[in-house]
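The structure appears right after this line, and notes come after that.
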Amino acid sequence: MRIPEELAEFGKKRIAPFPVEGFVYGSGPQYPELLLVGEAPGETEIGNGIPFSGRAGKELMKFLEIAGVTREEVYITSAVRSRPYKWGEKNGPDGTKIKRKYNRAPTSREILAHAPLLDYEIEHVHAPIIVALGNIGLKRLVGNDKKVSECHGELLMQPVLRLNGEQYEWTEKEYRIFPTFHPAAIFYNRSVLELIHSDMEKLRILRRNLSVNHQANQYKDH
Ligand code: URA
C-alpha cells in the first residue's frame with residue numbers, strides 16, 4: 001500500500017516551511033500483521049527511501065523476529081515522513097570544524113504538518129495491532145498523557161487522534177495499540193534492550209491469541 005501521490009505532495013507542501021529534508025513513503029502490505037508507527041526517517045532512510053533501513057532499523061528487524069514477523073509482513077511508517085535536522089559541527093581530519101546536519105526529534109508543528117498522511121494510513125492499512133515505537137509515535141496516536149516508559153508492553157484498546165481541520169479529534173473507532181520503545185533507545189540506554197525483548201515476547205503471544213480467537217470466531221460462524 002502506498003498513500004496517493006496528491007496526499008504525498010500535500011504533505012511535502014505542509015512541511016516545506018520547516019528544517020526537514022527528503023520524503024520517505026510508508027511501506028508494506030495493506031493487510032499487514034502489524035502497523036508500526038515510528039518517529040521520522042533519518043539520513044539513511046532519506047537516501048534510499050526505505051523506512052527503518054539505518055542503524056535503528058537493523059535493531060528493529062531483530063525485535064520483529066522475536067515477535068514472529070518479518071519486514072515483508074508489516075507496514076512501517078512514522079509520525080513525520082521527512083528527516084528533521086539541525087546544523088552542528090564536527091572536527092575535520094585537519095582539526096578544522098566541518099558543518100553537518102544531525103537528526104533531531106520532530107516538533108509538534110512538524111507532526112501536525114504530516115498528520116493527514118498518517119491518518120490516511122491508519123484508515124486504509126488494516127492491521128490487527130498498531131505498534132507505537134517510542135514516545136513521538138505513541139503521543140501522536142493517543143495524546144500526551146501516555147508515556148512509553150509507563151505503558152510499554154501493554155495492549156491499549158482505544159480511539160486514536162486524527163486531524164480535523166487543524167485540530168486533533170478522537171476517532172470513533174477503537175484500535176489495539178501496543179506501545180514499546182523506539183529501537184534507537186538502546187544506543188543511549190542499554191538496559192532498554194531487555195525491556196524491548198520482553199515486550200516482543202508479549203507481542204508474539206498476543207498475536208497468537210488474536211489469531212486463535214479469530215479462527216475460533218470464524219468456525220463459530222459456520
Ligand atoms: N526512525 C524512525 O522512526 N523511522 C525511520 O524510518 C528510521 C528511524
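Chain labels A, B, ... are given in the sequence in which chains occur in the C-alpha cells; within each chain residues are numbered consecutively from 1, and ligands are likewise numbered from 1 in the order shown.
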Around ligand 1, at most 9 Å away and counting only C-alpha atoms and all ligand atoms, which residues are there? Put them as a PDB file with N, CA, C and O atoms, in the first residue's frame, please.
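Saved as result18.pdb:
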```pdb
ATOM      1  N   VAL A  24      10.050  10.037   2.754  1.00  0.00           N
ATOM      2  CA  VAL A  24      10.051   8.569   2.703  1.00  0.00           C
ATOM      3  C   VAL A  24       8.608   8.080   2.853  1.00  0.00           C
ATOM      4  O   VAL A  24       7.935   8.437   3.819  1.00  0.00           O
ATOM      5  N   GLY A  26       5.615   5.499   3.674  1.00  0.00           N
ATOM      6  CA  GLY A  26       5.391   4.316   4.491  1.00  0.00           C
ATOM      7  C   GLY A  26       5.353   3.117   3.556  1.00  0.00           C
ATOM      8  O   GLY A  26       5.004   3.273   2.387  1.00  0.00           O
ATOM      9  N   VAL A  37       4.438   2.404  13.912  1.00  0.00           N
ATOM     10  CA  VAL A  37       4.499   3.861  13.800  1.00  0.00           C
ATOM     11  C   VAL A  37       5.727   4.372  14.552  1.00  0.00           C
ATOM     12  O   VAL A  37       5.785   4.318  15.786  1.00  0.00           O
ATOM     13  N   GLY A  38       6.718   4.843  13.790  1.00  0.00           N
ATOM     14  CA  GLY A  38       7.951   5.374  14.376  1.00  0.00           C
ATOM     15  C   GLY A  38       7.898   6.895  14.511  1.00  0.00           C
ATOM     16  O   GLY A  38       6.816   7.491  14.633  1.00  0.00           O
ATOM     17  N   GLU A  39       9.072   7.493  14.455  1.00  0.00           N
ATOM     18  CA  GLU A  39       9.195   8.935  14.721  1.00  0.00           C
ATOM     19  C   GLU A  39       9.338   9.711  13.411  1.00  0.00           C
ATOM     20  O   GLU A  39       8.426  10.407  12.980  1.00  0.00           O
ATOM     21  N   ALA A  40      10.471   9.546  12.750  1.00  0.00           N
ATOM     22  CA  ALA A  40      10.760  10.238  11.486  1.00  0.00           C
ATOM     23  C   ALA A  40      11.971   9.551  10.872  1.00  0.00           C
ATOM     24  O   ALA A  40      12.791   8.972  11.594  1.00  0.00           O
ATOM     25  N   PRO A  41      12.103   9.606   9.546  1.00  0.00           N
ATOM     26  CA  PRO A  41      13.280   8.973   8.937  1.00  0.00           C
ATOM     27  C   PRO A  41      14.568   9.716   9.288  1.00  0.00           C
ATOM     28  O   PRO A  41      14.534  10.894   9.670  1.00  0.00           O
ATOM     29  N   GLY A  42      15.675   9.021   9.150  1.00  0.00           N
ATOM     30  CA  GLY A  42      16.987   9.628   9.363  1.00  0.00           C
ATOM     31  C   GLY A  42      17.727   9.750   8.038  1.00  0.00           C
ATOM     32  O   GLY A  42      17.140   9.600   6.956  1.00  0.00           O
ATOM     33  N   GLU A  43      19.022   9.957   8.140  1.00  0.00           N
ATOM     34  CA  GLU A  43      19.840  10.202   6.938  1.00  0.00           C
ATOM     35  C   GLU A  43      19.809   9.007   5.969  1.00  0.00           C
ATOM     36  O   GLU A  43      19.647   9.181   4.757  1.00  0.00           O
ATOM     37  N   THR A  44      19.967   7.790   6.513  1.00  0.00           N
ATOM     38  CA  THR A  44      19.980   6.599   5.643  1.00  0.00           C
ATOM     39  C   THR A  44      18.670   6.482   4.884  1.00  0.00           C
ATOM     40  O   THR A  44      18.654   6.241   3.669  1.00  0.00           O
ATOM     41  N   GLU A  45      17.567   6.645   5.610  1.00  0.00           N
ATOM     42  CA  GLU A  45      16.245   6.437   5.006  1.00  0.00           C
ATOM     43  C   GLU A  45      15.957   7.440   3.890  1.00  0.00           C
ATOM     44  O   GLU A  45      15.389   7.077   2.868  1.00  0.00           O
ATOM     45  N   ILE A  46      16.353   8.715   4.095  1.00  0.00           N
ATOM     46  CA  ILE A  46      16.048   9.669   3.006  1.00  0.00           C
ATOM     47  C   ILE A  46      16.973   9.437   1.811  1.00  0.00           C
ATOM     48  O   ILE A  46      16.678   9.831   0.696  1.00  0.00           O
ATOM     49  N   GLY A  49      15.136   5.766   0.630  1.00  0.00           N
ATOM     50  CA  GLY A  49      13.665   5.725   0.573  1.00  0.00           C
ATOM     51  C   GLY A  49      13.031   4.551   1.309  1.00  0.00           C
ATOM     52  O   GLY A  49      11.835   4.323   1.173  1.00  0.00           O
ATOM     53  N   ILE A  50      13.826   3.815   2.092  1.00  0.00           N
ATOM     54  CA  ILE A  50      13.284   2.637   2.795  1.00  0.00           C
ATOM     55  C   ILE A  50      13.194   2.927   4.291  1.00  0.00           C
ATOM     56  O   ILE A  50      14.220   3.191   4.932  1.00  0.00           O
ATOM     57  N   PRO A  51      11.956   2.898   4.866  1.00  0.00           N
ATOM     58  CA  PRO A  51      11.842   3.213   6.290  1.00  0.00           C
ATOM     59  C   PRO A  51      12.610   2.209   7.159  1.00  0.00           C
ATOM     60  O   PRO A  51      12.659   1.015   6.842  1.00  0.00           O
ATOM     61  N   PHE A  52      13.191   2.693   8.202  1.00  0.00           N
ATOM     62  CA  PHE A  52      13.953   1.861   9.141  1.00  0.00           C
ATOM     63  C   PHE A  52      14.982   0.975   8.434  1.00  0.00           C
ATOM     64  O   PHE A  52      15.020  -0.240   8.634  1.00  0.00           O
ATOM     65  N   SER A  53      15.815   1.598   7.609  1.00  0.00           N
ATOM     66  CA  SER A  53      16.872   0.844   6.932  1.00  0.00           C
ATOM     67  C   SER A  53      18.252   1.206   7.485  1.00  0.00           C
ATOM     68  O   SER A  53      19.258   0.677   7.038  1.00  0.00           O
ATOM     69  N   GLY A  54      18.300   2.121   8.459  1.00  0.00           N
ATOM     70  CA  GLY A  54      19.585   2.517   9.058  1.00  0.00           C
ATOM     71  C   GLY A  54      19.902   1.687  10.293  1.00  0.00           C
ATOM     72  O   GLY A  54      19.434   0.548  10.430  1.00  0.00           O
ATOM     73  N   ARG A  55      20.661   2.285  11.184  1.00  0.00           N
ATOM     74  CA  ARG A  55      21.137   1.575  12.380  1.00  0.00           C
ATOM     75  C   ARG A  55      19.969   1.122  13.271  1.00  0.00           C
ATOM     76  O   ARG A  55      19.946  -0.017  13.738  1.00  0.00           O
ATOM     77  N   ALA A  56      18.998   2.000  13.488  1.00  0.00           N
ATOM     78  CA  ALA A  56      17.837   1.633  14.324  1.00  0.00           C
ATOM     79  C   ALA A  56      17.025   0.534  13.638  1.00  0.00           C
ATOM     80  O   ALA A  56      16.483  -0.359  14.291  1.00  0.00           O
ATOM     81  N   GLY A  57      16.979   0.598  12.307  1.00  0.00           N
ATOM     82  CA  GLY A  57      16.223  -0.397  11.532  1.00  0.00           C
ATOM     83  C   GLY A  57      16.779  -1.804  11.706  1.00  0.00           C
ATOM     84  O   GLY A  57      16.020  -2.777  11.782  1.00  0.00           O
ATOM     85  N   ILE A  76       5.334  -0.291   7.692  1.00  0.00           N
ATOM     86  CA  ILE A  76       6.171   0.596   8.514  1.00  0.00           C
ATOM     87  C   ILE A  76       5.979   2.046   8.090  1.00  0.00           C
ATOM     88  O   ILE A  76       6.130   2.389   6.920  1.00  0.00           O
ATOM     89  N   THR A  77       5.642   2.880   9.076  1.00  0.00           N
ATOM     90  CA  THR A  77       5.521   4.311   8.802  1.00  0.00           C
ATOM     91  C   THR A  77       5.977   5.090  10.036  1.00  0.00           C
ATOM     92  O   THR A  77       6.522   4.513  10.971  1.00  0.00           O
ATOM     93  N   SER A  78       5.771   6.406  10.018  1.00  0.00           N
ATOM     94  CA  SER A  78       6.150   7.206  11.186  1.00  0.00           C
ATOM     95  C   SER A  78       5.341   8.492  11.236  1.00  0.00           C
ATOM     96  O   SER A  78       4.645   8.834  10.274  1.00  0.00           O
ATOM     97  N   ALA A  79       5.441   9.184  12.370  1.00  0.00           N
ATOM     98  CA  ALA A  79       4.657  10.406  12.590  1.00  0.00           C
ATOM     99  C   ALA A  79       4.994  11.461  11.536  1.00  0.00           C
ATOM    100  O   ALA A  79       4.126  12.201  11.081  1.00  0.00           O
ATOM    101  N   VAL A  80       6.268  11.531  11.152  1.00  0.00           N
ATOM    102  CA  VAL A  80       6.737  12.508  10.152  1.00  0.00           C
ATOM    103  C   VAL A  80       7.484  11.727   9.076  1.00  0.00           C
ATOM    104  O   VAL A  80       8.216  10.783   9.379  1.00  0.00           O
ATOM    105  N   ARG A  81       7.307  12.104   7.823  1.00  0.00           N
ATOM    106  CA  ARG A  81       7.887  11.340   6.708  1.00  0.00           C
ATOM    107  C   ARG A  81       9.149  11.986   6.125  1.00  0.00           C
ATOM    108  O   ARG A  81       9.707  11.496   5.149  1.00  0.00           O
ATOM    109  N   ARG A  83      13.045  14.025   7.064  1.00  0.00           N
ATOM    110  CA  ARG A  83      14.073  13.978   8.115  1.00  0.00           C
ATOM    111  C   ARG A  83      14.239  15.347   8.791  1.00  0.00           C
ATOM    112  O   ARG A  83      14.731  16.290   8.153  1.00  0.00           O
ATOM    113  N   LEU A 133       6.285   2.874  18.205  1.00  0.00           N
ATOM    114  CA  LEU A 133       7.711   2.752  18.531  1.00  0.00           C
ATOM    115  C   LEU A 133       8.215   4.075  19.104  1.00  0.00           C
ATOM    116  O   LEU A 133       8.535   4.995  18.357  1.00  0.00           O
ATOM    117  N   GLY A 134       8.216   4.188  20.414  1.00  0.00           N
ATOM    118  CA  GLY A 134       8.730   5.399  21.057  1.00  0.00           C
ATOM    119  C   GLY A 134       7.641   6.418  21.345  1.00  0.00           C
ATOM    120  O   GLY A 134       6.506   6.314  20.869  1.00  0.00           O
ATOM    121  N   ILE A 136       7.246   9.609  20.499  1.00  0.00           N
ATOM    122  CA  ILE A 136       6.721  10.501  19.436  1.00  0.00           C
ATOM    123  C   ILE A 136       5.541   9.812  18.725  1.00  0.00           C
ATOM    124  O   ILE A 136       4.474  10.404  18.573  1.00  0.00           O
ATOM    125  N   GLY A 137       5.743   8.563  18.332  1.00  0.00           N
ATOM    126  CA  GLY A 137       4.676   7.810  17.663  1.00  0.00           C
ATOM    127  C   GLY A 137       3.494   7.583  18.597  1.00  0.00           C
ATOM    128  O   GLY A 137       2.336   7.757  18.214  1.00  0.00           O
ATOM    129  N   HIS A 182      11.362   3.061  21.138  1.00  0.00           N
ATOM    130  CA  HIS A 182      11.965   3.220  19.816  1.00  0.00           C
ATOM    131  C   HIS A 182      13.273   2.414  19.824  1.00  0.00           C
ATOM    132  O   HIS A 182      14.029   2.469  20.802  1.00  0.00           O
ATOM    133  N   PRO A 183      13.548   1.652  18.748  1.00  0.00           N
ATOM    134  CA  PRO A 183      14.770   0.814  18.782  1.00  0.00           C
ATOM    135  C   PRO A 183      16.048   1.608  19.016  1.00  0.00           C
ATOM    136  O   PRO A 183      16.998   1.084  19.605  1.00  0.00           O
ATOM    137  N   ALA A 184      16.088   2.886  18.610  1.00  0.00           N
ATOM    138  CA  ALA A 184      17.304   3.684  18.821  1.00  0.00           C
ATOM    139  C   ALA A 184      17.555   3.948  20.308  1.00  0.00           C
ATOM    140  O   ALA A 184      18.675   4.324  20.692  1.00  0.00           O
TER     141      ALA A 184
END
```
TODO: Identify, on the basis of only C-alpha atoms, every residue whose closest approach to A:Gly143 does not exceed 12 Å; exclude the query and any residue fewer than 2 positions from it along the same chain; express the result as a PyMOL selection string.
DONE: chain A and resi 108+135-141+145-148+158-162+168-170
Export N, CA and C atoms of the chosen residues as an mmCIF file, in the first residue's frame?
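again-v5.cif written:
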```
data_model
loop_
_atom_site.group_PDB
_atom_site.id
_atom_site.type_symbol
_atom_site.label_atom_id
_atom_site.label_comp_id
_atom_site.auth_asym_id
_atom_site.auth_seq_id
_atom_site.Cartn_x
_atom_site.Cartn_y
_atom_site.Cartn_z
ATOM 1 N N SER A 108 6.109 19.430 17.382
ATOM 2 C CA SER A 108 4.663 19.172 17.277
ATOM 3 C C SER A 108 4.088 19.802 16.004
ATOM 4 N N ASN A 135 8.010 7.424 22.143
ATOM 5 C CA ASN A 135 7.037 8.418 22.623
ATOM 6 C C ASN A 135 6.452 9.290 21.520
ATOM 7 N N ILE A 136 7.246 9.609 20.499
ATOM 8 C CA ILE A 136 6.721 10.501 19.436
ATOM 9 C C ILE A 136 5.541 9.812 18.725
ATOM 10 N N GLY A 137 5.743 8.563 18.332
ATOM 11 C CA GLY A 137 4.676 7.810 17.663
ATOM 12 C C GLY A 137 3.494 7.583 18.597
ATOM 13 N N LEU A 138 3.791 7.216 19.854
ATOM 14 C CA LEU A 138 2.720 6.927 20.815
ATOM 15 C C LEU A 138 1.860 8.167 21.075
ATOM 16 N N LYS A 139 2.516 9.309 21.345
ATOM 17 C CA LYS A 139 1.767 10.533 21.674
ATOM 18 C C LYS A 139 0.963 11.040 20.471
ATOM 19 N N ARG A 140 1.512 10.854 19.287
ATOM 20 C CA ARG A 140 0.761 11.231 18.080
ATOM 21 C C ARG A 140 -0.538 10.431 18.000
ATOM 22 N N LEU A 141 -0.480 9.173 18.425
ATOM 23 C CA LEU A 141 -1.657 8.310 18.320
ATOM 24 C C LEU A 141 -2.638 8.524 19.469
ATOM 25 N N ASP A 145 -0.768 12.317 27.277
ATOM 26 C CA ASP A 145 -0.869 11.762 28.633
ATOM 27 C C ASP A 145 -0.143 10.427 28.786
ATOM 28 N N LYS A 146 0.096 9.766 27.666
ATOM 29 C CA LYS A 146 0.711 8.432 27.759
ATOM 30 C C LYS A 146 2.218 8.513 27.522
ATOM 31 N N LYS A 147 2.950 7.660 28.254
ATOM 32 C CA LYS A 147 4.412 7.601 28.126
ATOM 33 C C LYS A 147 4.815 6.154 27.902
ATOM 34 N N VAL A 148 5.747 5.924 26.994
ATOM 35 C CA VAL A 148 6.195 4.560 26.721
ATOM 36 C C VAL A 148 6.732 3.898 27.995
ATOM 37 N N GLN A 158 -8.290 1.614 22.288
ATOM 38 C CA GLN A 158 -8.849 2.965 22.394
ATOM 39 C C GLN A 158 -8.865 3.692 21.047
ATOM 40 N N PRO A 159 -9.584 4.848 20.983
ATOM 41 C CA PRO A 159 -9.547 5.649 19.757
ATOM 42 C C PRO A 159 -8.150 6.238 19.554
ATOM 43 N N VAL A 160 -7.876 6.745 18.366
ATOM 44 C CA VAL A 160 -6.605 7.438 18.123
ATOM 45 C C VAL A 160 -6.907 8.868 17.674
ATOM 46 N N LEU A 161 -5.892 9.718 17.713
ATOM 47 C CA LEU A 161 -6.072 11.110 17.294
ATOM 48 C C LEU A 161 -6.007 11.209 15.773
ATOM 49 N N ARG A 162 -6.920 12.042 15.246
ATOM 50 C CA ARG A 162 -6.959 12.270 13.802
ATOM 51 C C ARG A 162 -7.194 13.759 13.592
ATOM 52 N N TYR A 168 -6.729 18.198 16.388
ATOM 53 C CA TYR A 168 -6.889 16.748 16.507
ATOM 54 C C TYR A 168 -8.232 16.437 17.157
ATOM 55 N N GLU A 169 -8.822 15.328 16.730
ATOM 56 C CA GLU A 169 -10.020 14.808 17.413
ATOM 57 C C GLU A 169 -9.858 13.296 17.527
ATOM 58 N N TRP A 170 -10.668 12.691 18.371
ATOM 59 C CA TRP A 170 -10.586 11.236 18.557
ATOM 60 C C TRP A 170 -11.400 10.522 17.483
#
```
Open item on the list: Using only C-alpha atoms for the distances, tell me which of A:Lys90, A:Arg71, A:Arg208, A:Arg104 is nearest to A:Leu35.
Closed with: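 For A:Leu35, the nearest of the candidates is A:Arg71.
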Open item on the list: With DSSP run on the backbone, what are the strand (DSSP E) residues within stretch 14-160 of chain A? I'd like them as a VMD selection string.
Closed with: chain A and resid 20 to 21 34 to 38 74 to 78 83 to 91 97 to 103 130 to 133 156 to 158
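The gap separating atom CA of A:Glu201 from atom CA of A:Ala216 is 22.8 Å, in Å to one decimal.
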Open item on the list: Can you measure atom CA of A:Leu34 to atom CA of A:Asn209 for me? One decimal in Å is fine.
Closed with: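 It comes out at 14.3 Å.
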Task: Selection: 8 Å around A:Ala115, only C-alpha atoms, excl. self and same-chain fewer than 2 positions, as a ChimeraX atom specification - done: /A:79-80,111-113,117-119,162-163
Write a file of the just-selected residues containing C-alpha atoms, as a PDB file, in the first residue's frame.
```pdb
ATOM      1  CA  ALA A  79       4.657  10.406  12.590  1.00  0.00           C
ATOM      2  CA  VAL A  80       6.737  12.508  10.152  1.00  0.00           C
ATOM      3  CA  ILE A 111       3.980  16.239  13.321  1.00  0.00           C
ATOM      4  CA  LEU A 112       0.810  18.254  12.656  1.00  0.00           C
ATOM      5  CA  ALA A 113       2.017  19.050   9.113  1.00  0.00           C
ATOM      6  CA  LEU A 117      -0.579  11.211   5.896  1.00  0.00           C
ATOM      7  CA  LEU A 118      -0.612   9.030   8.993  1.00  0.00           C
ATOM      8  CA  ASP A 119      -4.394   9.491   9.293  1.00  0.00           C
ATOM      9  CA  ARG A 162      -6.959  12.270  13.802  1.00  0.00           C
ATOM     10  CA  LEU A 163      -6.700  15.737  12.314  1.00  0.00           C
TER      11      LEU A 163
END
```
